[in-house]
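Asker: Got final07.pdb for you, PDB, C-alpha atoms:
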ATOM      1  CA  MET G   1      32.860  80.323  82.471  1.00  0.00           C
ATOM      2  CA  ASN G   2      35.307  83.169  81.777  1.00  0.00           C
ATOM      3  CA  LYS G   3      34.940  84.350  85.378  1.00  0.00           C
ATOM      4  CA  LEU G   4      35.769  80.858  86.614  1.00  0.00           C
ATOM      5  CA  ILE G   5      38.903  80.702  84.442  1.00  0.00           C
ATOM      6  CA  GLY G   6      39.913  84.188  85.601  1.00  0.00           C
ATOM      7  CA  ILE G   7      39.523  83.230  89.262  1.00  0.00           C
ATOM      8  CA  PHE G   8      41.503  80.036  88.696  1.00  0.00           C
ATOM      9  CA  LEU G   9      44.350  81.967  87.031  1.00  0.00           C
ATOM     10  CA  LEU G  10      44.360  84.523  89.847  1.00  0.00           C
ATOM     11  CA  ILE G  11      44.629  81.751  92.430  1.00  0.00           C
ATOM     12  CA  MET G  12      47.473  80.083  90.496  1.00  0.00           C
ATOM     13  CA  ILE G  13      49.421  83.345  90.238  1.00  0.00           C
ATOM     14  CA  THR G  14      48.963  84.069  93.948  1.00  0.00           C
ATOM     15  CA  VAL G  15      50.103  80.574  94.948  1.00  0.00           C
ATOM     16  CA  SER G  16      53.149  80.652  92.664  1.00  0.00           C
ATOM     17  CA  CYS G  17      54.220  84.087  93.933  1.00  0.00           C
ATOM     18  CA  ASN G  18      53.914  83.026  97.576  1.00  0.00           C
ATOM     19  CA  SER G  19      55.900  79.834  96.982  1.00  0.00           C
ATOM     20  CA  GLN G  20      58.918  81.898  95.876  1.00  0.00           C
ATOM     21  CA  LYS G  21      58.727  84.206  98.911  1.00  0.00           C
ATOM     22  CA  VAL G  22      60.669  81.707 101.040  1.00  0.00           C
ATOM     23  CA  TYR G  23      63.667  82.120  98.733  1.00  0.00           C
ATOM     24  CA  SER G  24      63.853  85.907  99.092  1.00  0.00           C
ATOM     25  CA  ASP G  25      62.586  86.615 102.602  1.00  0.00           C
ATOM     26  CA  PHE G  26      65.313  85.414 104.974  1.00  0.00           C
ATOM     27  CA  ASP G  27      67.746  86.713 107.597  1.00  0.00           C
ATOM     28  CA  ILE G  28      70.561  84.222 106.955  1.00  0.00           C
ATOM     29  CA  SER G  29      71.107  81.878 104.039  1.00  0.00           C
ATOM     30  CA  TYR G  30      73.545  79.100 103.272  1.00  0.00           C
ATOM     31  CA  SER G  31      73.686  77.576  99.823  1.00  0.00           C
ATOM     32  CA  LYS G  32      75.902  75.021  98.174  1.00  0.00           C
ATOM     33  CA  SER G  33      75.706  74.325  94.461  1.00  0.00           C
ATOM     34  CA  GLY G  34      77.598  73.193  91.396  1.00  0.00           C
ATOM     35  CA  GLY G  35      80.119  70.517  90.591  1.00  0.00           C
ATOM     36  CA  TYR G  36      80.469  67.850  87.912  1.00  0.00           C
ATOM     37  CA  ALA G  37      77.475  65.991  89.356  1.00  0.00           C
ATOM     38  CA  PRO G  38      75.587  69.101  90.451  1.00  0.00           C
ATOM     39  CA  VAL G  39      74.128  69.451  93.927  1.00  0.00           C
ATOM     40  CA  TYR G  40      71.847  72.216  95.120  1.00  0.00           C
ATOM     41  CA  GLU G  41      71.516  72.747  98.856  1.00  0.00           C
ATOM     42  CA  ASN G  42      69.795  75.697 100.522  1.00  0.00           C
ATOM     43  CA  LEU G  43      69.280  76.567 104.171  1.00  0.00           C
ATOM     44  CA  LEU G  44      67.221  79.714 104.688  1.00  0.00           C
ATOM     45  CA  ILE G  45      66.665  81.127 108.173  1.00  0.00           C
ATOM     46  CA  LYS G  46      63.977  83.694 108.973  1.00  0.00           C
ATOM     47  CA  GLY G  47      63.682  84.344 112.706  1.00  0.00           C
ATOM     48  CA  ASN G  48      63.592  80.862 114.189  1.00  0.00           C
ATOM     49  CA  ASP G  49      62.014  79.264 111.100  1.00  0.00           C
ATOM     50  CA  VAL G  50      64.220  77.329 108.706  1.00  0.00           C
ATOM     51  CA  HIS G  51      63.525  76.130 105.174  1.00  0.00           C
ATOM     52  CA  TYR G  52      65.925  73.464 103.876  1.00  0.00           C
ATOM     53  CA  SER G  53      66.144  71.916 100.429  1.00  0.00           C
ATOM     54  CA  PHE G  54      68.606  69.550  98.809  1.00  0.00           C
ATOM     55  CA  GLU G  55      68.692  68.172  95.289  1.00  0.00           C
ATOM     56  CA  GLY G  56      71.423  65.932  93.902  1.00  0.00           C
ATOM     57  CA  GLN G  57      73.022  62.516  94.364  1.00  0.00           C
ATOM     58  CA  LYS G  58      69.653  61.004  93.341  1.00  0.00           C
ATOM     59  CA  LYS G  59      68.000  62.651  96.368  1.00  0.00           C
ATOM     60  CA  LYS G  60      65.457  65.398  96.697  1.00  0.00           C
ATOM     61  CA  ILE G  61      64.714  66.738 100.184  1.00  0.00           C
ATOM     62  CA  LYS G  62      62.533  69.658 101.263  1.00  0.00           C
ATOM     63  CA  THR G  63      61.749  70.317 104.892  1.00  0.00           C
ATOM     64  CA  THR G  64      61.114  73.046 107.400  1.00  0.00           C
ATOM     65  CA  PHE G  65      62.045  73.147 111.054  1.00  0.00           C
ATOM     66  CA  LYS G  66      62.653  75.586 113.885  1.00  0.00           C
ATOM     67  CA  LEU G  67      65.860  76.599 115.628  1.00  0.00           C
ATOM     68  CA  THR G  68      65.893  77.619 119.264  1.00  0.00           C
ATOM     69  CA  ASN G  69      66.986  81.095 120.286  1.00  0.00           C
ATOM     70  CA  GLU G  70      70.132  79.482 121.686  1.00  0.00           C
ATOM     71  CA  GLU G  71      70.928  77.836 118.336  1.00  0.00           C
ATOM     72  CA  ILE G  72      70.486  81.176 116.524  1.00  0.00           C
ATOM     73  CA  GLN G  73      72.670  82.858 119.138  1.00  0.00           C
ATOM     74  CA  ASN G  74      75.346  80.160 118.732  1.00  0.00           C
ATOM     75  CA  LEU G  75      75.333  80.611 114.950  1.00  0.00           C
ATOM     76  CA  ASN G  76      75.730  84.375 115.321  1.00  0.00           C
ATOM     77  CA  GLN G  77      78.523  83.801 117.824  1.00  0.00           C
ATOM     78  CA  VAL G  78      80.392  81.568 115.342  1.00  0.00           C
ATOM     79  CA  LEU G  79      79.984  84.271 112.676  1.00  0.00           C
ATOM     80  CA  THR G  80      81.329  86.918 115.069  1.00  0.00           C
ATOM     81  CA  GLN G  81      84.220  84.819 116.434  1.00  0.00           C
ATOM     82  CA  ASN G  82      85.384  84.051 112.900  1.00  0.00           C
ATOM     83  CA  ASN G  83      85.125  87.665 111.691  1.00  0.00           C
ATOM     84  CA  PHE G  84      82.643  86.684 108.982  1.00  0.00           C
ATOM     85  CA  ARG G  85      82.402  90.228 107.608  1.00  0.00           C
ATOM     86  CA  HIS G  86      86.166  90.372 107.099  1.00  0.00           C
ATOM     87  CA  ILE G  87      86.716  87.005 105.408  1.00  0.00           C
ATOM     88  CA  ALA G  88      88.352  87.859 102.082  1.00  0.00           C
ATOM     89  CA  GLU G  89      87.505  86.095  98.856  1.00  0.00           C
ATOM     90  CA  ASP G  90      90.044  85.403  96.136  1.00  0.00           C
ATOM     91  CA  HIS G  91      88.729  86.328  92.709  1.00  0.00           C
ATOM     92  CA  LYS G  92      90.460  83.728  90.547  1.00  0.00           C
ATOM     93  CA  LYS G  93      88.198  81.939  88.094  1.00  0.00           C
ATOM     94  CA  ILE G  94      87.439  78.353  89.096  1.00  0.00           C
ATOM     95  CA  TYR G  95      84.923  76.209  87.259  1.00  0.00           C
ATOM     96  CA  ASP G  96      83.120  72.913  87.854  1.00  0.00           C
ATOM     97  CA  ARG G  97      83.390  72.847  91.616  1.00  0.00           C
ATOM     98  CA  VAL G  98      80.865  72.935  94.407  1.00  0.00           C
ATOM     99  CA  ALA G  99      80.679  76.456  95.816  1.00  0.00           C
ATOM    100  CA  VAL G 100      79.268  77.644  99.126  1.00  0.00           C
ATOM    101  CA  SER G 101      77.602  81.046  99.535  1.00  0.00           C
ATOM    102  CA  ILE G 102      76.546  82.583 102.833  1.00  0.00           C
ATOM    103  CA  ASN G 103      74.387  85.696 103.082  1.00  0.00           C
ATOM    104  CA  VAL G 104      73.688  87.453 106.387  1.00  0.00           C
ATOM    105  CA  LYS G 105      71.198  90.266 105.817  1.00  0.00           C
ATOM    106  CA  ASN G 106      71.251  92.103 109.131  1.00  0.00           C
ATOM    107  CA  GLY G 107      73.157  92.658 112.349  1.00  0.00           C
ATOM    108  CA  GLU G 108      76.847  93.028 113.029  1.00  0.00           C
ATOM    109  CA  ASN G 109      77.681  90.082 110.758  1.00  0.00           C
ATOM    110  CA  SER G 110      75.835  91.453 107.738  1.00  0.00           C
ATOM    111  CA  ALA G 111      77.740  90.400 104.603  1.00  0.00           C
ATOM    112  CA  ASN G 112      77.714  88.123 101.539  1.00  0.00           C
ATOM    113  CA  LYS G 113      80.594  85.682 101.140  1.00  0.00           C
ATOM    114  CA  THR G 114      81.297  82.824  98.749  1.00  0.00           C
ATOM    115  CA  ASP G 115      84.114  80.423  98.082  1.00  0.00           C
ATOM    116  CA  ALA G 116      83.199  80.175  94.384  1.00  0.00           C
ATOM    117  CA  SER G 117      86.599  81.672  93.572  1.00  0.00           C
ATOM    118  CA  MET G 118      88.244  80.352  96.753  1.00  0.00           C
ATOM    119  CA  ILE G 119      88.927  82.081 100.057  1.00  0.00           C
ATOM    120  CA  ILE G 120      92.249  83.840 100.658  1.00  0.00           C
ATOM    121  CA  PRO G 121      94.391  81.300 102.590  1.00  0.00           C
ATOM    122  CA  GLN G 122      94.760  83.353 105.771  1.00  0.00           C
ATOM    123  CA  TYR G 123      90.939  83.327 106.160  1.00  0.00           C
ATOM    124  CA  GLN G 124      90.360  79.675 105.205  1.00  0.00           C
ATOM    125  CA  LYS G 125      90.183  78.406 108.812  1.00  0.00           C
ATOM    126  CA  ASN G 126      87.585  81.069 109.661  1.00  0.00           C
ATOM    127  CA  TRP G 127      85.554  80.162 106.571  1.00  0.00           C
ATOM    128  CA  ASP G 128      85.702  76.450 107.379  1.00  0.00           C
ATOM    129  CA  GLN G 129      84.430  77.046 110.920  1.00  0.00           C
ATOM    130  CA  VAL G 130      81.506  79.129 109.641  1.00  0.00           C
ATOM    131  CA  VAL G 131      80.609  76.496 107.026  1.00  0.00           C
ATOM    132  CA  ASN G 132      80.858  73.766 109.686  1.00  0.00           C
ATOM    133  CA  ALA G 133      78.361  75.652 111.873  1.00  0.00           C
ATOM    134  CA  PHE G 134      75.799  75.519 109.052  1.00  0.00           C
ATOM    135  CA  GLN G 135      76.589  71.869 108.317  1.00  0.00           C
ATOM    136  CA  ASP G 136      76.049  71.075 112.019  1.00  0.00           C
ATOM    137  CA  ILE G 137      72.592  72.676 111.885  1.00  0.00           C
ATOM    138  CA  ILE G 138      71.757  70.605 108.811  1.00  0.00           C
ATOM    139  CA  SER G 139      73.060  67.323 110.222  1.00  0.00           C
ATOM    140  CA  LYS G 140      71.177  67.813 113.526  1.00  0.00           C
ATOM    141  CA  ASN G 141      67.847  68.728 111.926  1.00  0.00           C
ATOM    142  CA  VAL G 142      67.610  66.969 108.552  1.00  0.00           C
ATOM    143  CA  LYS G 143      67.532  63.227 107.998  1.00  0.00           C
ATOM    144  CA  ASN G 144      68.920  61.562 104.827  1.00  0.00           C
ATOM    145  CA  THR G 145      71.541  64.165 103.917  1.00  0.00           C
ATOM    146  CA  GLN G 146      74.861  63.246 102.355  1.00  0.00           C
TER     147      GLN G 146
END
Re-express the file's structure as structure tokens.

Answerer:
Amino acid sequence: MNKLIGIFLLIMITVSCNSQKVYSDFDISYSKSGGYAPVYENLLIKGNDVHYSFEGQKKKIKTTFKLTNEEIQNLNQVLTQNNFRHIAEDHKKIYDRVAVSINVKNGENSANKTDASMIIPQYQKNWDQVVNAFQDIISKNVKNTQ
């Protein structure tokens, strides 16, 4: 009986550890969270595989899908054209607002950026275009968002 319980616990630990891997093993991530009525949205890209989750506004969505090489290339092109690495963040304290964070782990656009404390005005247009590229991916591939 003890062996059976031990095997069951081992299986549970293995499954729970693997379920969190999707949240740490990615090339590009987009997340939006916070606000008075909190929303939590995550788009995680690893190669051509995408994991998407949304929770808020009385909705809960989890899905996976694939992007084509062309779609990945277009996203990287938007990051490059908008000088993603050089977008400057303002560091004023702002509370109770929805914040967007983008993390690119490798390549020429490798950087972490967030608008949690706002983006410096001269870079706002660049930031908006990058965010719109991620929103386009979501709207084309996920049903029942926003």

Asker: When the PyMOL selection byres ((chain G and resi 80) around 12) is applied to the file above, which residues end up in the set, as a compact mmCIF listing (two decimals) with C-alpha atoms, keeping the file's coordinate frame?

Answerer:
# COMPACT_ATOMS: atom_id res chain seq x y z
CA GLN G 73 72.67 82.86 119.14
CA ASN G 74 75.35 80.16 118.73
CA LEU G 75 75.33 80.61 114.95
CA ASN G 76 75.73 84.38 115.32
CA GLN G 77 78.52 83.80 117.82
CA VAL G 78 80.39 81.57 115.34
CA LEU G 79 79.98 84.27 112.68
CA GLN G 81 84.22 84.82 116.43
CA ASN G 82 85.38 84.05 112.90
CA ASN G 83 85.12 87.66 111.69
CA PHE G 84 82.64 86.68 108.98
CA ARG G 85 82.40 90.23 107.61
CA HIS G 86 86.17 90.37 107.10
CA ILE G 87 86.72 87.00 105.41
CA VAL G 104 73.69 87.45 106.39
CA GLY G 107 73.16 92.66 112.35
CA GLU G 108 76.85 93.03 113.03
CA ASN G 109 77.68 90.08 110.76
CA SER G 110 75.83 91.45 107.74
CA ALA G 111 77.74 90.40 104.60
CA ASN G 126 87.58 81.07 109.66
CA TRP G 127 85.55 80.16 106.57
CA GLN G 129 84.43 77.05 110.92
CA VAL G 130 81.51 79.13 109.64

Asker: Write out, as JSON lines, each residue of region 86-140 of chain G that has an atom at most 12 Å from region 54-66 of chain G, together with the closest pair of atoms and their distance in Å to one decimal, counting only C-alpha atoms, rows going by chain and rising number.

Answerer:
{"residue": "G:Val98", "atom": "CA", "partner": "G:Gly56", "partner_atom": "CA", "distance": 11.8}
{"residue": "G:Ile137", "atom": "CA", "partner": "G:Lys66", "partner_atom": "CA", "distance": 10.5}
{"residue": "G:Ile138", "atom": "CA", "partner": "G:Phe65", "partner_atom": "CA", "distance": 10.3}
{"residue": "G:Lys140", "atom": "CA", "partner": "G:Phe65", "partner_atom": "CA", "distance": 10.9}

Asker: Got a sec to resolve the PyMOL selection byres ((chain G and resi 135) around 12) on this structure and send the residues as a list in words?

Answerer: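 Checking the PyMOL selection byres ((chain G and resi 135) around 12) against this file, the residues are Tyr30, Ser31, Lys32, Glu41, Asn42, Leu43, Tyr52, Leu75, Val100, Asp128, Gln129, Val130, Val131, Asn132, Ala133, Phe134, Asp136, Ile137, Ile138, Ser139, Lys140, Asn141, Val142, Thr145 and Gln146 of chain G.
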
Asker: So which residues get picked by the PyMOL selection byres ((chain G and resi 91) around 8) here, written as an mmCIF file with C-alpha atoms, keeping the file's coordinate frame?

Answerer:
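So out_29.cif came out as:
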data_model
loop_
_atom_site.group_PDB
_atom_site.id
_atom_site.type_symbol
_atom_site.label_atom_id
_atom_site.label_comp_id
_atom_site.auth_asym_id
_atom_site.auth_seq_id
_atom_site.Cartn_x
_atom_site.Cartn_y
_atom_site.Cartn_z
ATOM 1 C CA GLU G 89 87.505 86.095 98.856
ATOM 2 C CA ASP G 90 90.044 85.403 96.136
ATOM 3 C CA LYS G 92 90.460 83.728 90.547
ATOM 4 C CA LYS G 93 88.198 81.939 88.094
ATOM 5 C CA SER G 117 86.599 81.672 93.572
ATOM 6 C CA MET G 118 88.244 80.352 96.753
#

Asker: Could you tell me how far CA of Asp49 (chain G) lies from CA of Ala116 (chain G), in Å and to one decimal?

Answerer: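 These two atoms are separated by 27.0 Å.
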
Asker: Grab the CA of His51 (chain G) to CA of Ala88 (chain G) distance for me, in Å with one decimal place.

Answerer: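 Those two atoms sit 27.6 Å apart.
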
Asker: Rounded to one decimal place, report the CA of Asn106 (chain G)-CA of Phe26 (chain G) distance in Å.

Answerer: 9.9 Å

Asker: Axis-aligned box over every listed atom of region 67-82 of chain G, padded by 3 Å per side: centre and edges in Å to one decimal, as lines of an AutoDock Vina configuration file?

Answerer:
center_x = 75.6
center_y = 81.8
center_z = 117.2
size_x = 25.5
size_y = 16.3
size_z = 15.0

Asker: Name the closest residue to Asp115 (chain G) among the candidates G:Val50, G:Leu67, G:Ile72, G:Ala99; distances are taken between atoms, counting all atoms listed in the file.

Answerer: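 Result for the nearest residue to Asp115 (chain G): G:Ala99.
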
Asker: Given all atoms listed in the file as the basis, pick out the residue of G:Lys143, G:Lys105, G:Lys125, G:Lys113 nearest to Asp27 (chain G).

Answerer: G:Lys105

Asker: Regenerate region 70-81 of chain G at the level of all heavy atoms and dump it as an mmCIF file, in the coordinates of the input.

Answerer:
data_model
loop_
_atom_site.group_PDB
_atom_site.id
_atom_site.type_symbol
_atom_site.label_atom_id
_atom_site.label_comp_id
_atom_site.auth_asym_id
_atom_site.auth_seq_id
_atom_site.Cartn_x
_atom_site.Cartn_y
_atom_site.Cartn_z
ATOM 1 N N GLU G 70 68.744 79.820 121.357
ATOM 2 C CA GLU G 70 70.132 79.482 121.686
ATOM 3 C C GLU G 70 70.902 79.047 120.434
ATOM 4 O O GLU G 70 72.054 79.440 120.248
ATOM 5 C CB GLU G 70 70.162 78.372 122.736
ATOM 6 C CG GLU G 70 71.567 78.008 123.184
ATOM 7 C CD GLU G 70 71.586 76.902 124.224
ATOM 8 O OE1 GLU G 70 70.554 76.677 124.891
ATOM 9 O OE2 GLU G 70 72.641 76.256 124.356
ATOM 10 N N GLU G 71 70.270 78.271 119.568
ATOM 11 C CA GLU G 71 70.928 77.836 118.336
ATOM 12 C C GLU G 71 71.217 79.021 117.414
ATOM 13 O O GLU G 71 72.283 79.094 116.803
ATOM 14 C CB GLU G 71 70.079 76.791 117.610
ATOM 15 C CG GLU G 71 70.038 75.451 118.325
ATOM 16 C CD GLU G 71 69.027 74.498 117.721
ATOM 17 O OE1 GLU G 71 67.873 74.910 117.485
ATOM 18 O OE2 GLU G 71 69.401 73.328 117.491
ATOM 19 N N ILE G 72 70.271 79.957 117.327
ATOM 20 C CA ILE G 72 70.486 81.176 116.524
ATOM 21 C C ILE G 72 71.621 81.992 117.131
ATOM 22 O O ILE G 72 72.499 82.482 116.415
ATOM 23 C CB ILE G 72 69.190 82.021 116.449
ATOM 24 C CG1 ILE G 72 68.083 81.263 115.735
ATOM 25 C CG2 ILE G 72 69.456 83.372 115.805
ATOM 26 C CD1 ILE G 72 68.273 81.085 114.252
ATOM 27 N N GLN G 73 71.614 82.110 118.445
ATOM 28 C CA GLN G 73 72.670 82.858 119.138
ATOM 29 C C GLN G 73 74.035 82.195 118.918
ATOM 30 O O GLN G 73 75.028 82.878 118.674
ATOM 31 C CB GLN G 73 72.352 82.939 120.626
ATOM 32 C CG GLN G 73 73.305 83.800 121.415
ATOM 33 C CD GLN G 73 72.889 83.896 122.886
ATOM 34 O OE1 GLN G 73 71.993 83.192 123.354
ATOM 35 N NE2 GLN G 73 73.545 84.774 123.596
ATOM 36 N N ASN G 74 74.084 80.876 118.972
ATOM 37 C CA ASN G 74 75.346 80.160 118.732
ATOM 38 C C ASN G 74 75.855 80.383 117.313
ATOM 39 O O ASN G 74 77.058 80.570 117.106
ATOM 40 C CB ASN G 74 75.183 78.665 119.007
ATOM 41 C CG ASN G 74 75.043 78.341 120.473
ATOM 42 O OD1 ASN G 74 75.391 79.140 121.339
ATOM 43 N ND2 ASN G 74 74.516 77.169 120.767
ATOM 44 N N LEU G 75 74.935 80.367 116.342
ATOM 45 C CA LEU G 75 75.333 80.611 114.950
ATOM 46 C C LEU G 75 75.899 82.023 114.804
ATOM 47 O O LEU G 75 76.961 82.211 114.202
ATOM 48 C CB LEU G 75 74.149 80.405 114.009
ATOM 49 C CG LEU G 75 74.419 80.655 112.529
ATOM 50 C CD1 LEU G 75 75.535 79.752 112.008
ATOM 51 C CD2 LEU G 75 73.145 80.462 111.722
ATOM 52 N N ASN G 76 75.227 82.998 115.379
ATOM 53 C CA ASN G 76 75.730 84.375 115.321
ATOM 54 C C ASN G 76 77.069 84.515 116.038
ATOM 55 O O ASN G 76 77.934 85.274 115.603
ATOM 56 C CB ASN G 76 74.701 85.352 115.898
ATOM 57 C CG ASN G 76 73.609 85.654 114.905
ATOM 58 O OD1 ASN G 76 73.861 85.888 113.726
ATOM 59 N ND2 ASN G 76 72.371 85.625 115.362
ATOM 60 N N GLN G 77 77.251 83.767 117.098
ATOM 61 C CA GLN G 77 78.523 83.801 117.824
ATOM 62 C C GLN G 77 79.653 83.225 116.959
ATOM 63 O O GLN G 77 80.755 83.776 116.927
ATOM 64 C CB GLN G 77 78.401 83.027 119.133
ATOM 65 C CG GLN G 77 79.623 83.125 120.016
ATOM 66 C CD GLN G 77 79.400 82.447 121.358
ATOM 67 O OE1 GLN G 77 78.343 81.881 121.634
ATOM 68 N NE2 GLN G 77 80.417 82.496 122.191
ATOM 69 N N VAL G 78 79.385 82.144 116.247
ATOM 70 C CA VAL G 78 80.392 81.568 115.342
ATOM 71 C C VAL G 78 80.744 82.579 114.253
ATOM 72 O O VAL G 78 81.920 82.762 113.920
ATOM 73 C CB VAL G 78 79.895 80.241 114.727
ATOM 74 C CG1 VAL G 78 80.797 79.786 113.584
ATOM 75 C CG2 VAL G 78 79.805 79.155 115.784
ATOM 76 N N LEU G 79 79.727 83.250 113.699
ATOM 77 C CA LEU G 79 79.984 84.271 112.676
ATOM 78 C C LEU G 79 80.864 85.385 113.237
ATOM 79 O O LEU G 79 81.820 85.823 112.593
ATOM 80 C CB LEU G 79 78.659 84.840 112.157
ATOM 81 C CG LEU G 79 77.783 83.888 111.345
ATOM 82 C CD1 LEU G 79 76.382 84.470 111.174
ATOM 83 C CD2 LEU G 79 78.405 83.576 110.006
ATOM 84 N N THR G 80 80.559 85.832 114.446
ATOM 85 C CA THR G 80 81.329 86.918 115.069
ATOM 86 C C THR G 80 82.751 86.472 115.397
ATOM 87 O O THR G 80 83.726 87.172 115.085
ATOM 88 C CB THR G 80 80.617 87.404 116.346
ATOM 89 O OG1 THR G 80 79.318 87.874 115.992
ATOM 90 C CG2 THR G 80 81.397 88.520 117.018
ATOM 91 N N GLN G 81 82.898 85.309 116.030
ATOM 92 C CA GLN G 81 84.220 84.819 116.434
ATOM 93 C C GLN G 81 85.143 84.610 115.240
ATOM 94 O O GLN G 81 86.357 84.718 115.378
ATOM 95 C CB GLN G 81 84.090 83.505 117.207
ATOM 96 C CG GLN G 81 83.536 83.680 118.592
ATOM 97 C CD GLN G 81 83.279 82.349 119.275
ATOM 98 O OE1 GLN G 81 83.153 81.301 118.633
ATOM 99 N NE2 GLN G 81 83.177 82.387 120.594
#
